[in-house]
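Chemist: Attaching a single structure in structure tokens format; questions to follow.
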Amino acid sequence: MDRLLVANRGEIARRVFATCRRLGISTVAVYSEPDADALFVREADVAIALGGSTPAESYLRGDAVIAAALAAGADAIHPGYGFLSENAAFAQAVIDAGLVWVGPSPEAITAMGSKTQARERMQAAGVPVLPGAHLTEGDDVDAAAAAVGFPLLVKASAGGGGKGMRLVEDPAALAGAVEAARSEAGAAFGDSTVFLERYAPRARHVEVQLMGDVHGTVVALHERDCSVQRRHQKVVEEAPSPAVTPELRAALADAAVKAGQALAYTGAGTVEFLLVEGAGGGAGSEFFFLEVNTRLQVEHPVTEAVTGLDLVELQLLAAEGRALPPEALAAPLRGWAMEARLYAEDPANDFLPVTGTLTRFVVGPGVRVDTGVESGSEISPFYDPMIAKVIAHGATREEAARRLADALARAQVQGTVTNRDFLVRVLRHPEFLAGEADTSFLDRTDPATLGAPLLDAEATRVAALAAALAGAAARRSEARIVRTLPSGWRNNPAVPQTATFATAHDDELVVTYRYDRTGTQLVEPAGVQLHRVTPTAVDLTAGGLRRTYRVTPDAVGTVDGEAPLRELPRFSDPSAALTAGSLTSPMPGTVLRVLSNAGAVVAAGQPLLVLEAMKMEHEIVAPAPGTVTELPVVAGDQVQAGTILAVIAGDEE
């Protein structure tokens, strides 16, 4: 293998490139129009434009990817994860083009691509599965559900990541859940097939990393725990699992290897299990097969951290037809590793994804950061909003958790709302630290509490004061006359100066301050001592605590955390006022379906339209009963956050 094309983008493309550089393999990137200036494009030896903005116009065009590989002189294609990574037809097309496919055989992908067929195959291989039912056209859904038992999950047969999945606890909600899951699965994966599976509350999500070669060797590289999930999407992953004993680890590995052998598996893959009734992995623990991911997982770095193996290198060795090396056949298990997924999303707004420019993105030393962005990068509406994966390794679980939480708390992530504070609070939560968090952990925990800013109200106010002082210093440094006069200086003492800031959630925060006659110390607010004030840094003591605040045009941060504050102009723009009753888009996206029309009388909670953003569907509903007076969008429209989607007049209007 001399030149490898990565049929993907962002952090996974960079991750594969890093191993290729170490092994002396040349690299090729493909990119869409929004990614033209992306970090992974610049790092590749050669890059080829695919055109288009959406995945369907770019990274999902298998023919264009193969043509790019041939044009660049590549002899192999690595699919990363997502996009075409589990597309058997694409894998076969790569092989038919005379290129090396870095992944399992198309036959193995096909066998596991349908979760219903995968369940049947695993049962035949002796791997335990949960009760379930495959749904086909004309089936009696109610009868099938009764046989499976409630609560149950409606799950997409193709794909994953929580898309096309609905939890049903009440039989009356079954029909709507099946319809919604089918719609989302069809939009996300091009296959609307769904099935029913018994839901196990208070279970653990534990998965085993597999690696196989063409010589028939299949090995398990220990387990990962991915129980901390939101909407069936992983938030924090770790290796090993705190719920798995050595005996249970051996049983999980044995079942995973059986699954791999039944598929004649080659390359990297993951067998996912549901672990129930086994707090601490004691007697009575049971595990059930969920699915096989026929690719490298997002959370593979935690396995690399505890085994010392490079999983991408093992993938490349297997693709070249070589046997797995001795170190992979008896992988060690050293210490503990944790990974947190840093997203551009708003925990206070139902975790909706957000877009924007990362004005500053810096994570300190001591942790591994897998990312596809840098300071100045755009978070676009076209792709997954993950900013980075941050991975910490320690001798113990407590050490790994503490190190990861501290690195995230000190990280400078400015310019857009993120889930950073939410992640820190999860990692410091007593239930998580006790190793007791299961798949319902986040459902039992108030998201507003977990997503609350790391800085409390008083600390945020002091940070706002620091931002105001830095802003004043910046304006004085740019003054064309009497630049040396202190900010706000008057011959006779006058009113204090004020500055108004918007918090991350657009709450207004007003701070008031006034310098003494020397211009070096504050008279107001009392009890604040200034040590240094520049346009970019403010060193002050407040409440007996001295801190240094880093200030940028978009935000202010401290050594203990970040207060994303945006200074507001003194006078508002009257043209920005919205018509009463306006419903605005909570995020950038595409109008997928319009479910109402102008003039319609609607009830509170009635769906008006469906937005698709970052590969998920979001319903926009009427907040109160009334009449739709305006509906200015149609299916297919691209909208930005804040765009008016509908106007509803209440009865009194």
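We name chains A, B, ... following the order of the structure tokens; residues begin at 1 in each chain, and ligands are numbered from 1 as shown.
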What's the 12 Å shell around Glu378 (chain A), counting only C-alpha atoms, without same-chain residues fewer than 3 positions away, as JSON, numbers by chain?

Modeler: {"A": [10, 34, 35, 36, 37, 38, 39, 344, 354, 355, 356, 357, 358, 359, 360, 361, 372, 373, 374, 375, 381, 382, 383, 385, 386, 387, 414, 415, 416]}

Chemist: Counting only C-alpha atoms, what are the residues of region 290-397 of chain A within 12 Å of region 502-525 of chain A, and for each of them which pair of atoms is the nearest and at what distance in Å, to one decimal? Sort the table by chain and rising number, as a tab-separated table.

Modeler:
```
residue	atom	partner	partner_atom	distance
A:Glu345	CA	A:Ala504	CA	11.3
A:Asp346	CA	A:His505	CA	8.6
A:Pro347	CA	A:His505	CA	10.2
A:Ala348	CA	A:His505	CA	7.8
A:Asn349	CA	A:His505	CA	8.7
A:Val354	CA	A:Ala504	CA	11.6
```

Chemist: Work out how far CA of Leu565 (chain A) is from CA of Gly471 (chain A), in Å to one decimal.

Modeler: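 A separation of 12.1 Å between them.
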
Chemist: If you run DSSP on the backbone, which residues of region 452-578 of chain A are strand (DSSP E), as a PyMOL selection string?

Modeler: chain A and resi 497-502+508-515+522-524+528-533+537-542+545-551+556-558+561-563+566-567

Chemist: Measuring atom to atom with only C-alpha atoms, identify which of A:Thr19, A:Tyr59, A:Ser53, A:Gly260 is nearest to Gly126 (chain A).

Modeler: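 Closest candidate: A:Gly260.
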
Chemist: Find the distance between CA of Pro588 (chain A) and CA of Val647 (chain A) and write it in Å to one decimal.

Modeler: 18.4 Å

Chemist: In Å to one decimal, how far is CA of Gly164 (chain A) from CA of Glu612 (chain A)?

Modeler: 13.2 Å

Chemist: Go through A:Thr536, A:Ser227, A:Gln261, A:Thr548 and flag the residue nearest Val462 (chain A), using only C-alpha atoms for the distances.

Modeler: A:Thr548

Chemist: Would you pick out the contacts of Pro128 (chain A) at 12 Å or less, using only C-alpha atoms, so that residues sharing its chain but fewer than 6 positions from it are not included, and give the list as a PDB file with C-alpha atoms, in the first residue's frame?

Modeler:
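For reference, around.pdb as written:
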```pdb
ATOM      1  CA  ALA A 118     -27.793  -9.793  12.048  1.00  0.00           C
ATOM      2  CA  ARG A 119     -29.980 -10.883  14.967  1.00  0.00           C
ATOM      3  CA  GLU A 120     -30.864 -14.126  13.193  1.00  0.00           C
ATOM      4  CA  ARG A 121     -27.256 -14.833  12.298  1.00  0.00           C
ATOM      5  CA  MET A 122     -26.016 -14.193  15.819  1.00  0.00           C
ATOM      6  CA  ALA A 251     -17.557 -14.272  28.410  1.00  0.00           C
ATOM      7  CA  LEU A 252     -18.118 -11.089  26.401  1.00  0.00           C
ATOM      8  CA  ASP A 254     -15.871 -15.236  23.719  1.00  0.00           C
ATOM      9  CA  ALA A 255     -19.277 -14.183  22.367  1.00  0.00           C
ATOM     10  CA  ALA A 256     -17.732 -11.395  20.271  1.00  0.00           C
ATOM     11  CA  LYS A 258     -17.908 -16.228  17.918  1.00  0.00           C
ATOM     12  CA  ALA A 259     -19.711 -13.418  16.118  1.00  0.00           C
ATOM     13  CA  GLU A 272     -22.247  -4.188  20.813  1.00  0.00           C
ATOM     14  CA  PHE A 273     -24.031  -5.769  23.783  1.00  0.00           C
ATOM     15  CA  LEU A 274     -26.641  -4.750  26.332  1.00  0.00           C
ATOM     16  CA  LEU A 275     -25.601  -5.702  29.865  1.00  0.00           C
ATOM     17  CA  GLU A 286     -26.757 -11.164  31.416  1.00  0.00           C
ATOM     18  CA  PHE A 287     -25.709  -9.675  28.124  1.00  0.00           C
ATOM     19  CA  PHE A 288     -27.542  -9.564  24.813  1.00  0.00           C
ATOM     20  CA  PHE A 289     -26.383  -8.860  21.272  1.00  0.00           C
ATOM     21  CA  LEU A 290     -27.306  -5.454  19.850  1.00  0.00           C
ATOM     22  CA  GLU A 291     -25.396  -5.113  16.577  1.00  0.00           C
TER      23      GLU A 291
END
```

Chemist: Quick one: everything within 7 Å of region 44-46 of chain A, counting only C-alpha atoms, minus sequence neighbours fewer than 5 positions away in the same chain. Send it as a PyMOL selection string.

Modeler: chain A and resi 26-29

Chemist: Considering only C-alpha atoms, can you say which of A:Leu333, A:Val257, A:Leu99, A:Leu352 comes closest to Thr217 (chain A)?

Modeler: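 So, comparing all the options, the nearest one is A:Val257.
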
Chemist: Taking only C-alpha atoms into account, name the residue in A:Pro131, A:Arg547, A:Ala147, A:Pro201 that is nearest to Arg444 (chain A).

Modeler: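 Answer, going by the shortest atom-to-atom distance: A:Pro201.
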
Chemist: Pick out the closest residue to Asp139 (chain A) from this set: A:Phe195, A:Leu296, A:Val312, A:Arg475. Count only C-alpha atoms.

Modeler: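 Under the stated criterion, the closest residue is A:Phe195.
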
Chemist: Determine, for each residue of region 27-143 of chain A having at least one atom at most 9 Å from an atom of region 11-15 of chain A, the closest pair of atoms and their separation in Å to one decimal, counting only C-alpha atoms; order by chain and ascending number, as CSV.

Modeler:
```
residue,atom,partner,partner_atom,distance
A:Ala29,CA,A:Ala13,CA,7.7
A:Leu39,CA,A:Arg14,CA,8.1
A:Phe40,CA,A:Arg14,CA,5.4
A:Val41,CA,A:Arg14,CA,8.8
A:Glu43,CA,A:Arg14,CA,7.4
A:Ala44,CA,A:Arg14,CA,8.2
A:His78,CA,A:Ala13,CA,8.9
A:Pro79,CA,A:Ala13,CA,8.9
A:Gly80,CA,A:Ile12,CA,6.0
A:Tyr81,CA,A:Ile12,CA,7.5
```

Chemist: May I have the selected residues written with C-alpha atoms, as a PDB file, in the first residue's frame?

Modeler:
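again.pdb was written with the following content:
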```pdb
ATOM      1  CA  ALA A  29      -8.299  13.656   0.738  1.00  0.00           C
ATOM      2  CA  LEU A  39      -7.735  21.229   8.250  1.00  0.00           C
ATOM      3  CA  PHE A  40      -7.832  17.664   6.892  1.00  0.00           C
ATOM      4  CA  VAL A  41      -7.674  18.927   3.308  1.00  0.00           C
ATOM      5  CA  GLU A  43      -2.863  17.961   5.785  1.00  0.00           C
ATOM      6  CA  ALA A  44      -3.316  15.469   2.939  1.00  0.00           C
ATOM      7  CA  HIS A  78     -10.196   3.799   3.908  1.00  0.00           C
ATOM      8  CA  PRO A  79     -13.852   4.748   4.571  1.00  0.00           C
ATOM      9  CA  GLY A  80     -13.485   6.069   8.139  1.00  0.00           C
ATOM     10  CA  TYR A  81     -16.864   5.872   9.890  1.00  0.00           C
TER      11      TYR A  81
END
```

Chemist: Kindly indicate which residue among A:Leu174, A:Ala111, A:Ala203, A:Ala156 lies nearest to Val228 (chain A), using only C-alpha atoms for the distances.

Modeler: A:Ala203

Chemist: For region 635-642 of chain A, work out the shell of residues within 12 Å, counting only C-alpha atoms and skipping chain neighbours fewer than 4 positions away, then give it as a PyMOL selection string.

Modeler: chain A and resi 53-54+352-356+380-382+576-578+582-596+608-613+631+646

Chemist: Restrict the selected residues to C-alpha atoms and save them as a PDB file, in the first residue's frame.

Modeler:
```
ATOM      1  CA  SER A  53     -22.440  20.845   0.007  1.00  0.00           C
ATOM      2  CA  THR A  54     -24.588  18.067   1.394  1.00  0.00           C
ATOM      3  CA  LEU A 352     -30.172  21.327  19.421  1.00  0.00           C
ATOM      4  CA  PRO A 353     -27.107  21.680  17.188  1.00  0.00           C
ATOM      5  CA  VAL A 354     -25.735  25.149  16.530  1.00  0.00           C
ATOM      6  CA  THR A 355     -23.496  26.630  13.890  1.00  0.00           C
ATOM      7  CA  GLY A 356     -20.983  29.435  13.930  1.00  0.00           C
ATOM      8  CA  SER A 380     -21.576  24.198   9.159  1.00  0.00           C
ATOM      9  CA  PRO A 381     -25.173  22.910   9.071  1.00  0.00           C
ATOM     10  CA  PHE A 382     -24.298  20.149   6.610  1.00  0.00           C
ATOM     11  CA  ALA A 576     -34.733  43.323  14.086  1.00  0.00           C
ATOM     12  CA  ALA A 577     -38.065  43.229  15.941  1.00  0.00           C
ATOM     13  CA  LEU A 578     -40.217  40.190  15.141  1.00  0.00           C
ATOM     14  CA  SER A 582     -43.497  34.481  15.160  1.00  0.00           C
ATOM     15  CA  LEU A 583     -41.959  31.013  15.323  1.00  0.00           C
ATOM     16  CA  THR A 584     -38.308  31.100  14.372  1.00  0.00           C
ATOM     17  CA  SER A 585     -35.924  28.328  13.410  1.00  0.00           C
ATOM     18  CA  PRO A 586     -33.958  27.124  16.455  1.00  0.00           C
ATOM     19  CA  MET A 587     -31.061  26.066  14.206  1.00  0.00           C
ATOM     20  CA  PRO A 588     -29.847  26.153  10.604  1.00  0.00           C
ATOM     21  CA  GLY A 589     -31.274  23.365   8.473  1.00  0.00           C
ATOM     22  CA  THR A 590     -33.549  22.270   5.656  1.00  0.00           C
ATOM     23  CA  VAL A 591     -37.342  22.359   5.701  1.00  0.00           C
ATOM     24  CA  LEU A 592     -38.149  18.684   5.214  1.00  0.00           C
ATOM     25  CA  ARG A 593     -41.953  18.722   5.399  1.00  0.00           C
ATOM     26  CA  VAL A 594     -44.626  21.421   5.809  1.00  0.00           C
ATOM     27  CA  LEU A 595     -47.579  20.013   7.744  1.00  0.00           C
ATOM     28  CA  SER A 596     -49.908  23.032   7.829  1.00  0.00           C
ATOM     29  CA  LEU A 608     -46.415  22.687  11.752  1.00  0.00           C
ATOM     30  CA  LEU A 609     -43.310  21.560   9.902  1.00  0.00           C
ATOM     31  CA  VAL A 610     -40.250  19.333  10.197  1.00  0.00           C
ATOM     32  CA  LEU A 611     -36.662  20.582   9.968  1.00  0.00           C
ATOM     33  CA  GLU A 612     -33.691  18.392   9.096  1.00  0.00           C
ATOM     34  CA  ALA A 613     -30.393  19.542  10.551  1.00  0.00           C
ATOM     35  CA  LEU A 631     -46.143  30.233   6.574  1.00  0.00           C
ATOM     36  CA  ALA A 646     -44.556  30.645  10.781  1.00  0.00           C
TER      37      ALA A 646
END
```
